[in-house]
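Below is the file final_12.csv, which contains CSV, C-alpha atoms.
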chain,number,residue,atom,x,y,z
T,1,MET,CA,53.0,-90.9,-9.8
T,2,ASP,CA,54.8,-93.8,-8.1
T,3,ALA,CA,58.2,-92.1,-8.7
T,4,LEU,CA,57.0,-88.9,-7.1
T,5,ILE,CA,55.6,-90.8,-4.0
T,6,ASN,CA,58.9,-92.7,-3.6
T,7,GLU,CA,61.1,-89.6,-4.2
T,8,ALA,CA,59.1,-87.4,-1.8
T,9,ARG,CA,59.6,-90.1,0.9
T,10,GLU,CA,63.3,-90.9,0.2
T,11,LEU,CA,64.5,-87.3,-0.4
T,12,PHE,CA,62.4,-85.2,2.0
T,13,ASN,CA,60.7,-87.8,4.3
T,14,VAL,CA,57.3,-86.7,3.0
T,15,HIS,CA,54.8,-89.6,3.2
T,16,LEU,CA,51.9,-88.9,0.8
T,17,THR,CA,48.6,-90.5,1.6
T,18,ALA,CA,46.2,-91.8,-1.2
T,19,ARG,CA,44.1,-88.7,-0.7
T,20,GLN,CA,47.0,-86.3,-1.1
T,21,VAL,CA,48.2,-88.2,-4.2
T,22,MET,CA,44.7,-87.7,-5.6
T,23,ALA,CA,44.8,-84.0,-4.9
T,24,LEU,CA,48.2,-83.7,-6.7
T,25,ILE,CA,46.8,-85.6,-9.7
T,26,ASN,CA,43.8,-83.2,-9.9
T,27,TYR,CA,46.1,-80.2,-9.5
T,28,GLU,CA,48.3,-81.4,-12.3
T,29,LYS,CA,45.3,-82.0,-14.5
T,30,GLU,CA,44.0,-78.4,-13.9
T,31,LEU,CA,47.5,-77.0,-14.5
T,32,VAL,CA,47.9,-78.8,-17.8
T,33,GLU,CA,44.5,-77.6,-19.0
T,34,TRP,CA,44.8,-74.0,-17.9
T,35,ASN,CA,48.3,-73.8,-19.4
T,36,GLN,CA,46.9,-74.4,-22.8
T,37,LYS,CA,44.8,-71.2,-22.5
T,38,PHE,CA,47.0,-69.0,-20.3
T,39,ASN,CA,50.7,-69.1,-20.0
T,40,LEU,CA,50.9,-70.0,-16.3
T,41,THR,CA,54.2,-71.9,-16.2
T,42,ALA,CA,56.9,-72.8,-18.7
T,43,ILE,CA,57.0,-76.3,-17.4
T,44,ARG,CA,54.3,-78.2,-19.3
T,45,ASP,CA,54.9,-81.9,-19.4
T,46,VAL,CA,53.7,-84.1,-16.6
T,47,GLU,CA,57.1,-85.5,-15.7
T,48,SER,CA,58.6,-82.1,-15.2
T,49,ILE,CA,55.6,-80.8,-13.3
T,50,ARG,CA,56.0,-83.6,-10.9
T,51,THR,CA,59.8,-83.0,-10.4
T,52,LYS,CA,60.2,-79.3,-10.9
T,53,HIS,CA,56.9,-78.2,-9.2
T,54,PHE,CA,55.7,-80.8,-6.8
T,55,LEU,CA,58.9,-82.4,-5.6
T,56,ASP,CA,60.7,-79.0,-5.6
T,57,SER,CA,57.9,-77.7,-3.4
T,58,TYR,CA,58.4,-80.5,-1.0
T,59,SER,CA,62.1,-79.8,-0.7
T,60,CYS,CA,61.0,-76.9,1.7
T,61,VAL,CA,60.3,-79.6,4.3
T,62,LEU,CA,64.1,-79.8,4.8
T,63,ALA,CA,64.0,-76.4,6.4
T,64,TRP,CA,61.6,-77.2,9.2
T,65,LYS,CA,61.9,-81.1,9.4
T,66,GLY,CA,59.2,-82.3,11.8
T,67,THR,CA,57.8,-79.0,12.9
T,68,PRO,CA,56.0,-77.3,10.0
T,69,PRO,CA,55.0,-73.6,10.3
T,70,LEU,CA,51.5,-72.8,11.5
T,71,ARG,CA,51.3,-69.8,9.2
T,72,LEU,CA,53.1,-69.6,5.9
T,73,VAL,CA,53.1,-66.9,3.2
T,74,ASP,CA,54.2,-67.8,-0.3
T,75,VAL,CA,55.2,-64.6,-2.2
T,76,GLY,CA,55.1,-64.6,-6.0
T,77,THR,CA,53.4,-68.0,-5.9
T,78,GLY,CA,52.7,-68.1,-9.7
T,79,ALA,CA,50.5,-71.2,-10.3
T,80,GLY,CA,50.7,-72.0,-6.5
T,81,PHE,CA,54.2,-73.2,-5.9
T,82,PRO,CA,55.4,-74.1,-3.3
T,83,GLY,CA,52.3,-73.0,-1.3
T,84,ILE,CA,49.6,-75.4,-2.6
T,85,PRO,CA,51.6,-78.6,-2.6
T,86,LEU,CA,52.7,-77.8,1.0
T,87,LYS,CA,49.0,-77.1,2.0
T,88,ILE,CA,48.1,-80.5,0.6
T,89,ILE,CA,50.5,-82.3,3.0
T,90,TYR,CA,49.8,-80.0,6.0
T,91,PRO,CA,46.0,-79.7,6.1
T,92,THR,CA,46.1,-77.6,9.3
T,93,MET,CA,48.6,-75.0,8.0
T,94,ARG,CA,47.3,-71.6,7.3
T,95,VAL,CA,48.6,-70.5,3.9
T,96,THR,CA,48.5,-67.1,2.2
T,97,LEU,CA,49.4,-67.0,-1.5
T,98,VAL,CA,50.6,-63.7,-2.9
T,99,GLU,CA,50.5,-63.1,-6.7
T,100,SER,CA,50.3,-59.9,-8.6
T,101,VAL,CA,49.4,-61.4,-11.9
T,102,GLY,CA,45.6,-61.7,-12.2
T,103,LYS,CA,45.3,-64.9,-14.2
T,104,LYS,CA,47.8,-66.7,-11.9
T,105,ALA,CA,45.9,-65.6,-8.8
T,106,MET,CA,42.7,-66.7,-10.5
T,107,PHE,CA,44.1,-70.1,-11.2
T,108,CYS,CA,45.3,-70.6,-7.6
T,109,GLN,CA,41.8,-69.7,-6.4
T,110,HIS,CA,40.3,-72.2,-8.9
T,111,VAL,CA,42.6,-75.0,-7.7
T,112,ILE,CA,41.9,-74.3,-4.0
T,113,SER,CA,38.1,-74.6,-4.5
T,114,LYS,CA,38.5,-77.6,-6.9
T,115,LEU,CA,40.6,-79.4,-4.2
T,116,GLY,CA,38.4,-78.2,-1.4
T,117,LEU,CA,41.3,-76.7,0.6
T,118,GLU,CA,40.5,-74.7,3.6
T,119,ASP,CA,42.4,-71.9,5.3
T,120,VAL,CA,44.2,-70.8,2.1
T,121,GLU,CA,43.9,-67.1,1.1
T,122,VAL,CA,44.9,-65.8,-2.3
T,123,ILE,CA,45.8,-62.1,-2.4
T,124,GLN,CA,46.4,-60.4,-5.7
T,125,THR,CA,48.9,-57.7,-4.8
T,126,ARG,CA,52.5,-56.8,-4.6
T,127,ALA,CA,54.7,-58.1,-1.8
T,128,GLU,CA,55.7,-54.5,-0.9
T,129,THR,CA,52.0,-53.5,-0.4
T,130,LEU,CA,51.3,-56.6,1.7
T,131,GLY,CA,54.4,-56.0,3.9
T,132,GLN,CA,53.0,-52.6,5.0
T,133,ASP,CA,49.6,-54.1,5.8
T,134,PRO,CA,49.2,-54.4,9.6
T,135,GLU,CA,47.1,-57.5,9.1
T,136,HIS,CA,50.0,-59.3,7.5
T,137,ARG,CA,53.2,-57.5,8.6
T,138,GLU,CA,55.3,-59.7,10.9
T,139,THR,CA,52.6,-62.3,11.4
T,140,TYR,CA,54.0,-65.3,9.6
T,141,ASP,CA,56.2,-68.1,10.9
T,142,TYR,CA,57.6,-68.7,7.4
T,143,ALA,CA,57.7,-66.5,4.3
T,144,VAL,CA,58.8,-68.5,1.2
T,145,ALA,CA,59.5,-67.6,-2.4
T,146,ARG,CA,60.8,-69.5,-5.3
T,147,ALA,CA,62.9,-67.7,-8.0
T,148,VAL,CA,61.2,-64.4,-7.6
T,149,ALA,CA,64.2,-62.0,-7.4
T,150,ASN,CA,67.8,-61.6,-6.3
T,151,LEU,CA,68.2,-62.2,-2.6
T,152,ASN,CA,68.9,-58.6,-1.6
T,153,ILE,CA,65.6,-57.6,-3.2
T,154,LEU,CA,63.7,-60.7,-2.0
T,155,SER,CA,64.7,-60.0,1.6
T,156,GLU,CA,62.8,-56.8,1.4
T,157,TYR,CA,59.7,-58.6,0.1
T,158,LEU,CA,59.8,-61.5,2.6
T,159,LEU,CA,61.4,-60.3,5.9
T,160,PRO,CA,58.7,-57.7,6.7
T,161,LEU,CA,56.1,-60.4,6.6
T,162,VAL,CA,58.0,-62.7,9.1
T,163,LYS,CA,57.4,-62.4,12.8
T,164,VAL,CA,60.4,-62.1,15.1
T,165,GLY,CA,61.5,-65.7,15.7
T,166,GLY,CA,60.2,-66.8,12.3
T,167,THR,CA,62.2,-67.7,9.1
T,168,MET,CA,62.5,-66.5,5.6
T,169,LEU,CA,63.0,-69.3,3.1
T,170,ALA,CA,64.2,-68.7,-0.4
T,171,GLN,CA,64.4,-71.5,-3.0
T,172,LYS,CA,67.4,-70.7,-5.1
T,173,GLY,CA,69.4,-72.1,-8.0
T,174,GLU,CA,73.2,-72.3,-8.2
T,175,SER,CA,73.6,-68.6,-7.6
T,176,GLY,CA,72.2,-69.2,-4.0
T,177,PRO,CA,75.5,-69.1,-2.0
T,178,ALA,CA,76.9,-66.0,-3.8
T,179,GLU,CA,73.5,-64.2,-3.5
T,180,ALA,CA,73.3,-65.0,0.2
T,181,GLN,CA,76.7,-63.6,0.8
T,182,SER,CA,76.1,-60.4,-1.0
T,183,ALA,CA,72.6,-59.9,0.6
T,184,GLU,CA,73.8,-60.2,4.2
T,185,LYS,CA,73.8,-56.4,4.7
T,186,ALA,CA,70.3,-56.1,3.4
T,187,MET,CA,69.1,-58.9,5.6
T,188,LYS,CA,70.6,-57.3,8.7
T,189,LEU,CA,69.0,-54.0,7.9
T,190,LEU,CA,65.6,-55.7,7.7
T,191,GLY,CA,66.0,-57.6,11.0
T,192,GLY,CA,67.3,-60.9,9.4
T,193,LYS,CA,70.3,-63.0,9.9
T,194,LEU,CA,71.5,-65.6,7.5
T,195,LYS,CA,71.1,-69.0,9.1
T,196,GLN,CA,72.1,-71.7,6.6
T,197,LEU,CA,72.0,-73.0,3.1
T,198,ILE,CA,70.7,-76.4,2.5
T,199,PRO,CA,71.6,-78.1,-0.8
T,200,VAL,CA,68.7,-79.7,-2.7
T,201,HIS,CA,69.1,-82.5,-5.2
T,202,LEU,CA,66.2,-83.3,-7.5
T,203,PRO,CA,66.3,-86.4,-9.6
T,204,GLY,CA,67.2,-85.7,-13.2
T,205,VAL,CA,67.8,-82.0,-12.6
T,206,ALA,CA,71.5,-81.2,-13.2
T,207,ASP,CA,71.8,-77.7,-11.8
T,208,ASP,CA,72.5,-77.1,-8.1
T,209,ARG,CA,69.6,-75.9,-5.9
T,210,TYR,CA,69.6,-74.4,-2.4
T,211,LEU,CA,67.2,-73.5,0.3
T,212,VAL,CA,68.4,-70.2,1.8
T,213,LEU,CA,67.2,-69.8,5.4
T,214,VAL,CA,67.2,-66.4,7.2
T,215,ASP,CA,66.2,-66.1,10.8
T,216,LYS,CA,64.2,-63.0,11.8
T,217,ILE,CA,65.9,-61.8,14.9
T,218,ALA,CA,64.7,-58.2,15.1
T,219,ALA,CA,61.6,-56.2,14.0
T,220,THR,CA,61.8,-54.7,10.5
T,221,PRO,CA,62.2,-50.9,10.5
T,222,PRO,CA,58.8,-49.3,9.6
T,223,LYS,CA,60.1,-47.7,6.4
T,224,TYR,CA,60.6,-51.2,4.8
T,225,PRO,CA,59.3,-52.5,2.5
T,226,ARG,CA,59.5,-49.4,0.4
T,227,LYS,CA,56.9,-48.6,-2.2
T,228,ALA,CA,56.1,-51.1,-5.0
T,229,GLY,CA,58.9,-51.3,-7.6
T,230,ILE,CA,61.5,-49.5,-5.6
T,231,PRO,CA,63.3,-52.5,-4.1
T,232,MET,CA,63.8,-53.8,-7.6
T,233,LYS,CA,65.0,-50.4,-8.9
T,234,SER,CA,67.4,-49.6,-6.0
T,235,PRO,CA,68.1,-52.8,-4.0
T,236,LEU,CA,69.4,-52.4,-0.5

I'd like the structure from this file rewritten - as structure tokens, please.
Amino acid sequence: MDALINEARELFNVHLTARQVMALINYEKELVEWNQKFNLTAIRDVESIRTKHFLDSYSCVLAWKGTPPLRLVDVGTGAGFPGIPLKIIYPTMRVTLVESVGKKAMFCQHVISKLGLEDVEVIQTRAETLGQDPEHRETYDYAVARAVANLNILSEYLLPLVKVGGTMLAQKGESGPAEAQSAEKAMKLLGGKLKQLIPVHLPGVADDRYLVLVDKIAATPPKYPRKAGIPMKSPL
């Protein structure tokens, strides 16, 4: 765990307290256990969990530096990444985890109660459905997603949830820059404007990674997001 503590500090200026480290250790334990019964994540060994899940989640901090969002929604969170690790370091942040797969949503709920995290909501639904829900539409400072879909599709999942003045944050692999360029039209249509790409380097991970940041500069037209499954079938 020492490597994770040092790397989080050196790479992302995240200073983990003893209590936060304990929470991550317990999270890891639950993840390894549940993974034996349910296929929650392809990443199974402890070393990789720490780098590709925990550290990768903390790379999001590069987007907001010293001013973390008050409200964050994590779409397609899977086993809780990056939402739960972020919640661990920002106890006052209100987090909504969105996951359409039952067993993954159930695992997130389990971890939250196990770690005693407050102000975290797990919603088992599709992003398209949530984006049309007045309780969630345009209410978040940040909407984040990791490797959920191509950026032109992802924009339709995330931007409707972001309030004007907020930010969409997509964690992407090496295709990030090309995807960002080809999704600019879709972003604009949904009220977004490409802000910047931040390169991310994780120790021992060879492939390039990027944070794609999109500013929400105008309200999303009411017809977006379209019905579940349509953004994927016919991307903007």

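Using all atoms listed in the file for every distance, the candidate list T:Ala143, T:Ile230, T:Ile198, T:Ala178 yields T:Ala143 as the residue closest to Lys163 (chain T).
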
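Using only C-alpha atoms, the smallest distance between any of T:Lys65, T:Arg50, T:Arg146, T:Arg9 and Gly204 (chain T) comes from T:Arg50.
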
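Among the candidates T:Ala183, T:Ile88, T:Val162, T:Leu213, the one nearest to Lys195 (chain T) when counting only C-alpha atoms is T:Leu213.
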
Response to the item:
Between CA of Thr220 (chain T) and CA of Thr77 (chain T) lies a distance of 22.7 Å

Worksheet item: Quick one: distance from CA of His136 (chain T) to CA of Leu189 (chain T) in Å, one decimal?
Response: 19.7 Å

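With CA of Leu117 (chain T) on one side and CA of Leu62 (chain T) on the other, the separation reads 23.4 Å.
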
Discussion item. Just want the 12 Å neighbourhood of Tyr210 (chain T), counted on only C-alpha atoms, with same-chain residues fewer than 2 positions away dropped. Output as JSON, numbers by chain.
Written reply: {"T": [56, 59, 60, 62, 63, 146, 147, 169, 170, 171, 172, 173, 174, 175, 176, 177, 178, 179, 180, 196, 197, 198, 199, 200, 201, 202, 207, 208, 212, 213]}

Discussion item. I'd like the neighbourhood of Gly102 (chain T) as a VMD selection string, where a residue qualifies if any of its atoms comes within 12 Å (using all atoms listed in the file), though same-chain residues fewer than 5 positions away should be ignored.
Written reply: chain T and resid 38 to 40 76 to 79 107 to 109 122 to 126

Written file, previous selection with C-alpha atoms, as a PDB file, in the frame of the given file:
ATOM      1  CA  PHE T  38      47.000 -69.000 -20.300  1.00  0.00           C
ATOM      2  CA  ASN T  39      50.700 -69.100 -20.000  1.00  0.00           C
ATOM      3  CA  LEU T  40      50.900 -70.000 -16.300  1.00  0.00           C
ATOM      4  CA  GLY T  76      55.100 -64.600  -6.000  1.00  0.00           C
ATOM      5  CA  THR T  77      53.400 -68.000  -5.900  1.00  0.00           C
ATOM      6  CA  GLY T  78      52.700 -68.100  -9.700  1.00  0.00           C
ATOM      7  CA  ALA T  79      50.500 -71.200 -10.300  1.00  0.00           C
ATOM      8  CA  PHE T 107      44.100 -70.100 -11.200  1.00  0.00           C
ATOM      9  CA  CYS T 108      45.300 -70.600  -7.600  1.00  0.00           C
ATOM     10  CA  GLN T 109      41.800 -69.700  -6.400  1.00  0.00           C
ATOM     11  CA  VAL T 122      44.900 -65.800  -2.300  1.00  0.00           C
ATOM     12  CA  ILE T 123      45.800 -62.100  -2.400  1.00  0.00           C
ATOM     13  CA  GLN T 124      46.400 -60.400  -5.700  1.00  0.00           C
ATOM     14  CA  THR T 125      48.900 -57.700  -4.800  1.00  0.00           C
ATOM     15  CA  ARG T 126      52.500 -56.800  -4.600  1.00  0.00           C
TER      16      ARG T 126
END

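Within 10 Å of the file-frame point (59.1, -48.0, 0.6), and using only C-alpha atoms, the polymer residues found are Glu128, Thr129, Gly131, Gln132, Glu156, Pro222, Lys223, Tyr224, Pro225, Arg226, Lys227, Ala228, Gly229, Ile230 and Pro231 of chain T.
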
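Restricting the calculation to all atoms listed in the file, the smallest distance between Val61 (chain T) and any of T:Lys103, T:Lys188, T:Lys114, T:His15 is found for T:His15.
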
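Among the candidates T:Asp215, T:Asp2, T:Glu10, T:Glu30, the residue lying nearest to Val111 (chain T) is T:Glu30 (atoms considered: all atoms listed in the file).
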